[in-house]
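The file run16.txt comes next; it holds compact mmCIF, C-alpha atoms.
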```txt
# COMPACT_ATOMS: atom_id res chain seq x y z
CA MET A 1 19.55 3.97 46.55
CA SER A 2 19.94 2.00 43.33
CA GLN A 3 17.75 2.80 40.38
CA SER A 4 16.08 0.13 38.29
CA ILE A 5 16.90 0.12 34.61
CA THR A 6 13.99 -0.36 32.26
CA PRO A 7 14.98 -2.80 29.52
CA ARG A 8 14.65 -1.44 26.02
CA PRO A 9 12.00 -3.00 23.82
CA PRO A 10 13.35 -5.48 21.28
CA VAL A 11 14.10 -4.26 17.76
CA ILE A 12 11.86 -6.26 15.44
CA ALA A 13 12.38 -6.49 11.71
CA ALA A 14 10.26 -8.38 9.20
CA LEU A 15 11.32 -9.95 5.94
CA LEU A 16 8.44 -9.33 3.55
CA VAL A 17 9.12 -12.10 1.06
CA ALA A 18 7.80 -11.14 -2.37
CA ALA A 19 10.11 -12.96 -4.78
CA GLY A 20 7.68 -15.70 -5.84
CA THR A 21 5.90 -15.84 -9.21
CA GLY A 22 2.62 -17.31 -7.93
CA SER A 23 2.22 -19.78 -10.81
CA ARG A 24 -0.68 -21.60 -9.14
CA PHE A 25 -2.68 -18.38 -8.97
CA GLY A 26 -2.69 -18.20 -12.75
CA ALA A 27 -2.54 -14.39 -13.14
CA ALA A 28 -0.44 -12.38 -15.57
CA ILE A 29 1.43 -10.78 -12.67
CA PRO A 30 2.74 -12.27 -9.40
CA LYS A 31 -0.14 -12.72 -6.97
CA GLN A 32 1.34 -10.40 -4.34
CA TYR A 33 0.82 -7.49 -6.76
CA THR A 34 -2.80 -8.26 -7.55
CA THR A 35 -5.47 -6.00 -6.07
CA VAL A 36 -7.81 -7.15 -3.32
CA ALA A 37 -10.25 -4.81 -1.55
CA GLY A 38 -8.87 -1.81 -3.38
CA GLU A 39 -5.11 -2.23 -3.03
CA MET A 40 -2.26 -4.65 -3.71
CA VAL A 41 -1.97 -7.73 -1.53
CA ILE A 42 1.64 -6.90 -0.61
CA ARG A 43 0.54 -3.46 0.56
CA HIS A 44 -2.10 -4.96 2.85
CA ALA A 45 0.60 -7.25 4.27
CA ALA A 46 3.03 -4.37 4.83
CA ARG A 47 0.43 -2.24 6.60
CA ALA A 48 -0.45 -5.18 8.86
CA LEU A 49 3.22 -5.42 9.91
CA LEU A 50 3.61 -1.66 10.36
CA ARG A 51 0.60 -1.65 12.65
CA ASP A 52 2.82 -3.34 15.26
CA GLY A 53 5.82 -1.05 14.73
CA VAL A 54 7.89 -3.56 12.76
CA ILE A 55 10.77 -2.49 10.47
CA ILE A 56 10.11 -3.93 7.01
CA GLN A 57 12.85 -5.45 4.86
CA PRO A 58 11.28 -6.40 1.51
CA VAL A 59 12.76 -9.21 -0.59
CA GLY A 60 12.07 -9.35 -4.32
CA ASP A 61 11.97 -7.12 -7.38
CA ALA A 62 13.01 -3.66 -6.20
CA ASP A 63 11.09 -1.63 -8.79
CA ALA A 64 7.83 -3.52 -8.28
CA ILE A 65 8.13 -3.42 -4.48
CA ASP A 66 9.00 0.28 -4.29
CA LYS A 67 6.00 1.13 -6.45
CA ALA A 68 3.67 -1.14 -4.48
CA LEU A 69 4.82 0.20 -1.10
CA ALA A 70 5.10 3.88 -2.11
CA GLY A 71 4.49 6.08 0.92
CA LEU A 72 4.95 3.24 3.43
CA PRO A 73 8.22 3.11 5.43
CA HIS A 74 10.48 0.24 4.41
CA ARG A 75 14.15 -0.55 3.92
CA PRO A 76 15.58 -0.79 0.38
CA PRO A 77 14.44 -4.09 -1.16
CA VAL A 78 16.98 -6.86 -1.58
CA ALA A 79 16.83 -9.25 -4.53
CA GLY A 80 15.32 -12.69 -4.09
CA GLY A 81 17.04 -15.98 -4.88
CA GLN A 82 16.31 -19.11 -6.88
CA THR A 83 14.31 -20.58 -3.99
CA ARG A 84 12.38 -19.17 -1.07
CA GLN A 85 15.16 -20.38 1.20
CA ASP A 86 17.67 -18.36 -0.83
CA SER A 87 15.42 -15.29 -0.70
CA VAL A 88 15.10 -15.45 3.09
CA ARG A 89 18.86 -15.85 3.47
CA ASN A 90 19.40 -12.76 1.28
CA GLY A 91 16.99 -10.83 3.46
CA LEU A 92 18.68 -11.93 6.66
CA GLU A 93 22.08 -10.80 5.37
CA ALA A 94 20.58 -7.44 4.32
CA LEU A 95 19.58 -6.84 7.96
CA ALA A 96 23.17 -7.16 9.22
CA ASP A 97 23.62 -3.40 9.57
CA LEU A 98 20.42 -3.14 11.64
CA GLY A 99 21.14 -6.17 13.82
CA PRO A 100 17.56 -6.64 15.07
CA ASP A 101 16.80 -8.75 18.12
CA ILE A 102 13.89 -10.51 16.45
CA VAL A 103 13.15 -11.22 12.82
CA LEU A 104 9.77 -12.12 11.35
CA VAL A 105 9.47 -13.92 8.04
CA HIS A 106 6.20 -13.14 6.31
CA ASP A 107 4.74 -14.08 2.93
CA ALA A 108 3.78 -10.99 0.91
CA ALA A 109 0.79 -13.01 -0.35
CA ARG A 110 -0.70 -13.13 3.17
CA PRO A 111 -2.48 -9.77 3.52
CA VAL A 112 -4.17 -10.43 6.87
CA ILE A 113 -2.30 -10.70 10.17
CA PRO A 114 -4.97 -11.07 12.86
CA ALA A 115 -4.66 -8.85 15.92
CA GLY A 116 -2.55 -10.31 18.72
CA THR A 117 -0.54 -12.62 16.45
CA LEU A 118 2.73 -10.69 16.70
CA THR A 119 2.35 -10.20 20.46
CA ASN A 120 1.97 -13.95 20.97
CA LEU A 121 4.92 -14.75 18.70
CA VAL A 122 7.30 -12.36 20.46
CA ALA A 123 6.25 -13.61 23.90
CA ALA A 124 6.99 -17.21 22.87
CA LEU A 125 10.58 -16.28 21.99
CA ASP A 126 11.35 -15.80 25.69
CA LYS A 127 11.58 -19.59 25.94
CA HIS A 128 12.06 -20.83 22.40
CA GLY A 129 14.29 -20.14 19.40
CA GLY A 130 11.30 -19.69 17.12
CA ALA A 131 7.52 -19.46 17.06
CA ILE A 132 4.91 -19.78 14.34
CA PRO A 133 1.15 -19.20 14.14
CA ALA A 134 -0.62 -22.44 13.35
CA ALA A 135 -4.23 -23.55 13.04
CA PRO A 136 -5.27 -27.12 13.88
CA ILE A 137 -6.49 -29.28 11.00
CA ALA A 138 -10.27 -29.60 11.25
CA ASP A 139 -11.02 -31.69 8.15
CA THR A 140 -10.59 -35.42 7.80
CA LEU A 141 -7.44 -36.16 5.81
CA LYS A 142 -7.33 -38.74 3.03
CA ARG A 143 -4.37 -40.13 1.18
CA GLY A 144 -5.14 -40.68 -2.49
CA ALA A 145 -3.65 -42.18 -5.63
CA GLU A 146 -5.01 -42.24 -9.19
CA GLY A 147 -8.27 -40.65 -8.08
CA LEU A 148 -8.97 -43.16 -5.30
CA ILE A 149 -8.69 -43.08 -1.51
CA VAL A 150 -5.86 -45.30 -0.37
CA GLY A 151 -5.92 -44.41 3.32
CA THR A 152 -7.18 -42.11 6.07
CA VAL A 153 -4.65 -40.00 7.95
CA SER A 154 -5.19 -39.13 11.58
CA ARG A 155 -5.48 -35.36 12.03
CA ASP A 156 -4.51 -35.52 15.70
CA GLY A 157 -1.65 -33.15 16.36
CA LEU A 158 -1.62 -31.77 12.81
CA TYR A 159 -1.53 -28.01 12.15
CA ARG A 160 -1.52 -25.64 9.19
CA ALA A 161 1.59 -23.47 9.45
CA GLN A 162 1.10 -19.75 8.77
CA THR A 163 3.25 -16.62 8.71
CA PRO A 164 4.69 -14.40 10.04
CA GLN A 165 7.10 -16.82 11.70
CA ALA A 166 9.27 -15.31 14.44
CA PHE A 167 12.88 -16.06 15.39
CA ARG A 168 15.85 -14.70 17.24
CA TYR A 169 17.61 -12.91 14.41
CA ALA A 170 21.18 -14.07 15.03
CA LEU A 171 20.07 -17.68 15.47
CA LEU A 172 18.09 -17.84 12.23
CA ARG A 173 20.81 -16.02 10.28
CA ASP A 174 23.51 -18.42 11.44
CA LEU A 175 21.39 -21.51 10.80
CA HIS A 176 20.46 -20.30 7.31
CA ARG A 177 24.12 -19.91 6.42
CA ASP A 178 24.73 -23.63 7.04
CA ALA A 179 21.29 -25.06 6.16
CA GLU A 180 20.91 -27.78 3.56
CA PRO A 181 18.71 -26.77 0.60
CA GLY A 182 15.07 -27.87 0.46
CA ALA A 183 13.61 -26.37 3.65
CA THR A 184 9.86 -25.87 3.28
CA ASP A 185 9.77 -23.07 5.83
CA ASP A 186 12.13 -21.39 8.27
CA ALA A 187 10.79 -23.25 11.30
CA SER A 188 11.96 -26.51 9.76
CA ILE A 189 15.54 -25.19 9.71
CA LEU A 190 15.38 -24.72 13.49
CA GLU A 191 13.75 -28.10 13.94
CA ALA A 192 16.55 -29.80 11.98
CA ALA A 193 19.14 -28.11 14.21
CA GLY A 194 17.43 -29.28 17.40
CA HIS A 195 15.88 -25.98 18.51
CA THR A 196 12.36 -25.83 19.88
CA VAL A 197 9.72 -23.91 17.92
CA ALA A 198 6.54 -22.84 19.68
CA LEU A 199 3.05 -22.97 18.21
CA VAL A 200 0.85 -19.94 18.87
CA PRO A 201 -2.81 -19.74 17.85
CA GLY A 202 -3.29 -19.15 14.15
CA HIS A 203 -6.46 -17.86 12.53
CA ASP A 204 -8.60 -18.86 9.56
CA ASP A 205 -8.42 -15.28 8.25
CA ASN A 206 -4.64 -15.60 7.78
CA ILE A 207 -5.06 -16.83 4.23
CA LYS A 208 -2.25 -17.11 1.72
CA LEU A 209 -3.42 -16.06 -1.73
CA THR A 210 -2.69 -19.19 -3.72
CA TYR A 211 -5.70 -20.01 -5.90
CA PRO A 212 -8.24 -17.68 -7.58
CA GLU A 213 -10.96 -18.66 -5.11
CA ASP A 214 -8.80 -17.38 -2.25
CA ARG A 215 -9.25 -13.88 -3.60
CA LEU A 216 -13.00 -13.96 -2.94
CA ARG A 217 -12.42 -15.02 0.65
CA LEU A 218 -9.90 -12.23 1.17
CA GLU A 219 -12.26 -9.66 -0.35
CA ARG A 220 -14.87 -10.61 2.27
CA ILE A 221 -12.31 -10.24 5.06
CA LEU A 222 -10.57 -7.07 3.92
CA ALA A 223 -13.39 -5.03 2.39
CA PRO A 224 -15.07 -4.20 5.72
CA MET A 225 -11.74 -2.78 6.95
CA MET A 226 -11.93 0.00 4.33
CA GLU A 227 -14.50 2.77 4.20
CA THR A 228 -15.51 4.98 1.31
CA ARG A 229 -14.98 8.74 1.66
CA VAL A 230 -16.34 11.39 -0.70
CA GLY A 231 -15.06 14.95 -1.05
CA THR A 232 -15.93 17.96 -3.18
CA GLY A 233 -13.97 21.06 -4.14
CA PHE A 234 -14.68 24.38 -5.87
CA ASP A 235 -12.35 27.14 -7.01
CA VAL A 236 -12.43 30.33 -9.09
CA HIS A 237 -9.69 32.48 -10.64
CA VAL A 238 -9.95 35.66 -12.64
CA LEU A 239 -8.66 35.86 -16.20
CA ALA A 240 -5.83 38.36 -16.78
CA GLU A 241 -3.40 39.43 -19.45
CA GLY A 242 0.24 38.38 -19.36
CA ARG A 243 -0.41 35.04 -17.67
CA LYS A 244 -0.22 31.47 -18.97
CA LEU A 245 -3.44 29.50 -18.87
CA ILE A 246 -2.73 26.30 -16.93
CA LEU A 247 -5.70 23.95 -16.51
CA CYS A 248 -5.42 20.50 -14.91
CA GLY A 249 -1.66 20.61 -15.34
CA ILE A 250 -1.77 21.42 -19.08
CA ASP A 251 -0.59 24.64 -20.73
CA VAL A 252 -3.66 25.64 -22.80
CA PRO A 253 -3.13 28.15 -25.64
CA HIS A 254 -5.27 31.25 -24.95
CA ASP A 255 -4.98 35.01 -25.08
CA LEU A 256 -5.58 35.30 -21.32
CA GLY A 257 -4.37 33.34 -18.31
CA LEU A 258 -5.61 32.83 -14.76
CA ASP A 259 -4.35 35.16 -12.07
CA GLY A 260 -3.39 33.92 -8.63
CA HIS A 261 -0.60 33.53 -6.10
CA SER A 262 0.53 30.22 -7.65
CA ASP A 263 0.03 29.27 -11.29
CA ALA A 264 -3.73 29.56 -10.57
CA ASP A 265 -4.58 26.09 -11.96
CA VAL A 266 -8.23 26.20 -11.00
CA GLY A 267 -8.83 22.53 -11.89
CA ILE A 268 -6.04 21.18 -9.70
CA HIS A 269 -6.97 23.52 -6.85
CA ALA A 270 -10.55 22.26 -6.82
CA LEU A 271 -9.33 18.66 -7.00
CA CYS A 272 -6.91 19.15 -4.10
CA ASP A 273 -9.69 20.58 -1.96
CA ALA A 274 -11.87 17.58 -2.81
CA ILE A 275 -9.14 15.15 -1.73
CA TYR A 276 -8.35 17.05 1.47
CA GLY A 277 -12.06 17.31 2.20
CA ALA A 278 -12.64 13.57 1.83
CA MET A 279 -9.95 13.01 4.48
CA ALA A 280 -11.18 15.88 6.73
CA ASP A 281 -7.69 17.30 6.23
CA GLY A 282 -8.42 20.99 5.74
CA ASP A 283 -8.04 22.70 2.38
CA ILE A 284 -5.32 23.76 -0.03
CA GLY A 285 -4.85 27.09 1.76
CA ARG A 286 -4.05 25.30 5.00
CA HIS A 287 -1.29 23.24 3.43
CA PHE A 288 0.01 25.92 1.03
CA PRO A 289 -0.90 29.35 2.49
CA PRO A 290 -1.03 32.11 -0.16
CA SER A 291 0.55 34.41 2.42
CA GLU A 292 3.84 32.50 2.09
CA ASN A 293 6.06 33.76 -0.71
CA GLN A 294 7.54 30.30 -1.40
CA TRP A 295 4.30 29.41 -3.21
CA LYS A 296 4.46 32.47 -5.50
CA ASP A 297 3.91 31.23 -9.10
CA ALA A 298 4.31 27.64 -7.84
CA ASP A 299 3.44 24.75 -10.13
CA SER A 300 0.15 23.37 -8.80
CA ALA A 301 1.32 19.88 -9.69
CA ARG A 302 3.21 20.01 -6.40
CA PHE A 303 -0.05 20.59 -4.53
CA LEU A 304 -1.76 17.60 -6.13
CA ARG A 305 1.19 15.30 -5.46
CA HIS A 306 1.00 16.35 -1.81
CA ALA A 307 -2.75 15.68 -1.58
CA ALA A 308 -2.38 12.24 -3.17
CA ALA A 309 0.55 11.41 -0.86
CA ARG A 310 -1.62 12.27 2.16
CA VAL A 311 -4.04 9.56 1.02
CA THR A 312 -1.22 7.04 0.69
CA GLU A 313 0.16 7.92 4.12
CA ARG A 314 -3.23 7.13 5.63
CA GLY A 315 -3.16 3.68 4.01
CA GLY A 316 -5.84 4.65 1.49
CA ARG A 317 -6.26 4.95 -2.25
CA ILE A 318 -7.99 7.26 -4.67
CA VAL A 319 -10.85 5.41 -6.36
CA ASN A 320 -11.89 8.04 -8.88
CA VAL A 321 -11.93 11.79 -9.50
CA ASP A 322 -14.24 13.97 -11.59
CA VAL A 323 -13.32 17.55 -12.53
CA THR A 324 -15.66 19.97 -14.28
CA LEU A 325 -14.22 23.17 -15.77
CA ILE A 326 -16.74 26.01 -16.14
CA CYS A 327 -15.94 28.53 -18.87
CA GLU A 328 -17.08 29.92 -22.22
CA ARG A 329 -13.59 29.89 -23.71
CA PRO A 330 -11.25 28.20 -24.45
CA LYS A 331 -12.69 24.92 -25.65
CA ILE A 332 -11.68 22.17 -23.23
CA ALA A 333 -12.55 19.08 -25.29
CA PRO A 334 -9.37 19.14 -27.44
CA HIS A 335 -7.25 19.09 -24.26
CA ALA A 336 -9.34 16.81 -22.02
CA ALA A 337 -7.43 13.60 -22.74
CA ALA A 338 -4.08 15.24 -21.96
CA MET A 339 -5.54 16.73 -18.78
CA MET A 340 -6.81 13.37 -17.59
CA GLN A 341 -3.47 11.71 -18.22
CA ARG A 342 -1.59 14.50 -16.44
CA LEU A 343 -3.83 14.27 -13.36
CA ALA A 344 -3.54 10.47 -13.34
CA ASP A 345 0.26 10.70 -13.47
CA LEU A 346 0.38 13.22 -10.62
CA MET A 347 -1.83 11.05 -8.42
CA ASP A 348 -0.18 7.78 -9.56
CA ILE A 349 -3.50 6.20 -10.50
CA ASP A 350 -4.81 4.75 -13.75
CA VAL A 351 -6.24 7.27 -16.18
CA SER A 352 -9.46 5.23 -16.32
CA ARG A 353 -10.18 6.60 -12.84
CA VAL A 354 -9.99 10.24 -13.95
CA SER A 355 -12.64 12.36 -15.65
CA VAL A 356 -12.23 15.92 -16.93
CA LYS A 357 -15.12 17.64 -18.66
CA ALA A 358 -16.39 21.16 -19.23
CA THR A 359 -19.59 23.15 -19.25
CA THR A 360 -20.70 26.74 -19.68
CA THR A 361 -23.14 28.94 -17.77
CA GLU A 362 -24.94 29.95 -20.97
CA ARG A 363 -23.17 33.33 -20.87
CA LEU A 364 -24.57 34.08 -17.42
CA GLY A 365 -22.46 35.35 -14.50
CA PHE A 366 -18.72 36.06 -14.36
CA THR A 367 -17.82 32.91 -16.33
CA GLY A 368 -20.42 33.80 -18.94
CA ARG A 369 -18.88 37.25 -19.26
CA MET A 370 -15.48 35.52 -19.64
CA GLU A 371 -14.09 37.31 -16.58
CA GLY A 372 -12.81 34.11 -15.00
CA ILE A 373 -12.88 30.31 -14.96
CA ALA A 374 -14.37 28.13 -12.25
CA ALA A 375 -13.91 24.44 -11.47
CA GLN A 376 -15.64 21.92 -9.30
CA ALA A 377 -14.33 18.47 -8.40
CA ALA A 378 -15.57 15.34 -6.73
CA VAL A 379 -13.43 12.48 -5.46
CA SER A 380 -14.00 9.13 -3.78
CA LEU A 381 -11.38 7.48 -1.59
CA LEU A 382 -10.96 4.20 0.22
CA LEU A 383 -9.47 4.68 3.69
CA PRO A 384 -8.92 2.27 6.57
CA GLY A 385 -11.98 2.37 8.82
```
Rewrite the structure from the file as structure tokens, please.
Amino acid sequence: MSQSITPRPPVIAALLVAAGTGSRFGAAIPKQYTTVAGEMVIRHAARALLRDGVIIQPVGDADAIDKALAGLPHRPPVAGGQTRQDSVRNGLEALADLGPDIVLVHDAARPVIPAGTLTNLVAALDKHGGAIPAAPIADTLKRGAEGLIVGTVSRDGLYRAQTPQAFRYALLRDLHRDAEPGATDDASILEAAGHTVALVPGHDDNIKLTYPEDRLRLERILAPMMETRVGTGFDVHVLAEGRKLILCGIDVPHDLGLDGHSDADVGIHALCDAIYGAMADGDIGRHFPPSENQWKDADSARFLRHAAARVTERGGRIVNVDVTLICERPKIAPHAAAMMQRLADLMDIDVSRVSVKATTTERLGFTGRMEGIAAQAAVSLLLPG
């Protein structure tokens, strides 16, 4: 009896085109790197593509893209060209080693891909060489000159083209190699070569960030997709002779140091627990058990990098952190600025989002007797809801 062979699912790659300067947006940086609803626009766009299992091939400035997409899976960025058409062609050639069945071309300045869009695009490729999401024009169209109406244009059959646009990879690559310059989008290259391009339903939420007012619209769309999480942490270590005193990643001159399995950085340990707690992701002992010898005298900076990376992997961001060190000695104020900068660097956030301060217990308890140092931390995160 013959056995049926289940066809493999198509390999889908997406060109995330981020080479534009966004001059109409009027910002000091390209619009795809501006922040909307707590994170960069390009990062929103990448996560929307990854939601459907797409392999991302970024196109644009490699350093800026790698920083913006840190923690998200993507292929090495390829440089853009003089025009968008050049940039897409560069991206298509960079995918040669992967040889995907389907390629999507998506603007990095479009952070919202409504649910079902990719499914509809891929289905349309069964019968057509390409497919694009498009929304019908609802407003009356006027032709103008010198501030006056010179005619009314029928909106019948007119659509607003959106991205991602979907194509058979080999077809689009070959057509791009021979295409005349000046194409306004990739669908027009197929149209010029006589291939059919399907229209699938677009959505008003699929906004391209072009003008400053677009940012407000995107904030209203994207903000409800993120939820605020709050976590707290507390840690204590005993003071001992023959140990360095490491607090919040800084070597603090003192006659005693903190004793512990690692470097006993009580500030970082409390902060890690706050981050893990906000994500309901256990505590520092779960991720770095003190029973394991590999963490003996370990630099606690490694722990904080891990905690911050867990946030990034979840598609979230650290909004702010607040660490309070509780001790009689040494004085923390002379070192607070360096501590804040060190924590900010380890978490890859701006130092304006980090607070380190100190208090005493008025000589009461073990900290008052200078037997140890305690720390408490609070953190707020934005995570996808």
Find, counting all atoms listed in the file, the residue in A:Ala109, A:Ala374, A:Ala70, A:Ala274 that gets nearest to Leu209 of chain A.
-> A:Ala109
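Close contacts of segment 115-120 of chain A, defined as residues with an atom at most 8 Å away when counting all atoms listed in the file, with chain neighbours fewer than 3 positions off set aside, comprise Asp52, Ala123, Ala124, Pro133, Pro164, Val200, Pro201 and Gly202 of chain A.
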List every residue of segment 304-348 of chain A that has an atom at most 12 Å from any atom of segment 280-289 of chain A, giving for each one its closest atom pair and the distance in Å to one decimal, counting all atoms listed in the file, sorted by chain and then by ascending residue number, as a Markdown table.
```
| residue | atom | partner | partner_atom | distance |
| --- | --- | --- | --- | --- |
| A:Leu304 | CA | A:Ile284 | CA | 9.4 |
| A:Arg305 | CA | A:Ile284 | CA | 12.0 |
| A:His306 | CA | A:His287 | CA | 9.0 |
| A:Ala307 | CA | A:Ile284 | CA | 8.6 |
| A:Ala308 | CA | A:Asp281 | CA | 11.9 |
| A:Arg310 | CA | A:Asp281 | CA | 8.9 |
| A:Val311 | CA | A:Asp281 | CA | 10.0 |
| A:Arg314 | CA | A:Asp281 | CA | 11.1 |
```
What lies within 7 Å of Thr163 of chain A using only C-alpha atoms, ignoring chain neighbours under 3 positions off, as a ChimeraX atom specification?
-> /A:105-107,132-133
May I have the residues within 12 Å of Phe234 of chain A as a list in words, using all atoms listed in the file and disregarding those fewer than 4 positions away in the same chain?
-> Asp265, Val266, Gly267, Ile268, His269, Ala270, Leu271, Cys272, Asp273, Ala274, Ile275, Gly277, Asp283, Ile284, Asp322, Val323, Thr324, Leu325, Ile326, Ile373, Ala374, Ala375, Gln376, Ala377, Ala378 and Val379 of chain A
Centre and edge lengths of an axis-aligned box around all listed atoms of segment 158-166 of chain A, with 8 Å added on each side, are to be given in Å to one decimal, as AutoDock Vina command-line options.
```
--center_x 3.8 --center_y -23.1 --center_z 11.6 --size_x 26.9 --size_y 33.4 --size_z 21.7
```
Per residue of segment 200-254 of chain A within 7 Å of segment 35-47 of chain A, what are the shortest atom pair and its distance in Å to one decimal, counting only C-alpha atoms, with rows by chain and residue number, as JSON lines?
```
{"residue": "A:Arg215", "atom": "CA", "partner": "A:Val36", "partner_atom": "CA", "distance": 6.9}
{"residue": "A:Glu219", "atom": "CA", "partner": "A:Ala37", "partner_atom": "CA", "distance": 5.4}
{"residue": "A:Leu222", "atom": "CA", "partner": "A:Ala37", "partner_atom": "CA", "distance": 5.9}
{"residue": "A:Ala223", "atom": "CA", "partner": "A:Ala37", "partner_atom": "CA", "distance": 5.0}
```
Can you work out which one of A:Val230, A:Leu199, A:Ile349, A:Leu171 has the shortest atom-to-atom distance to Pro136 of chain A, counting only C-alpha atoms?
->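 Checking each candidate against Pro136 of chain A, we get A:Leu199 as the closest.
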Compare A:Ala14, A:Ala19, A:Leu175, A:Ala108 by their minimum atom-to-atom distance to Gly80 of chain A, counting all atoms listed in the file, and give me the closest one.
->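 With all atoms listed in the file as the atom set, the closest residue is A:Ala19.
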Counting all atoms listed in the file, closest pick from A:His203, A:Arg160, A:Lys67, A:Arg89 relative to Ile113 of chain A is A:His203
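The space between atom CA of Ser87 of chain A and atom CA of Tyr211 of chain A spans 22.3 Å.
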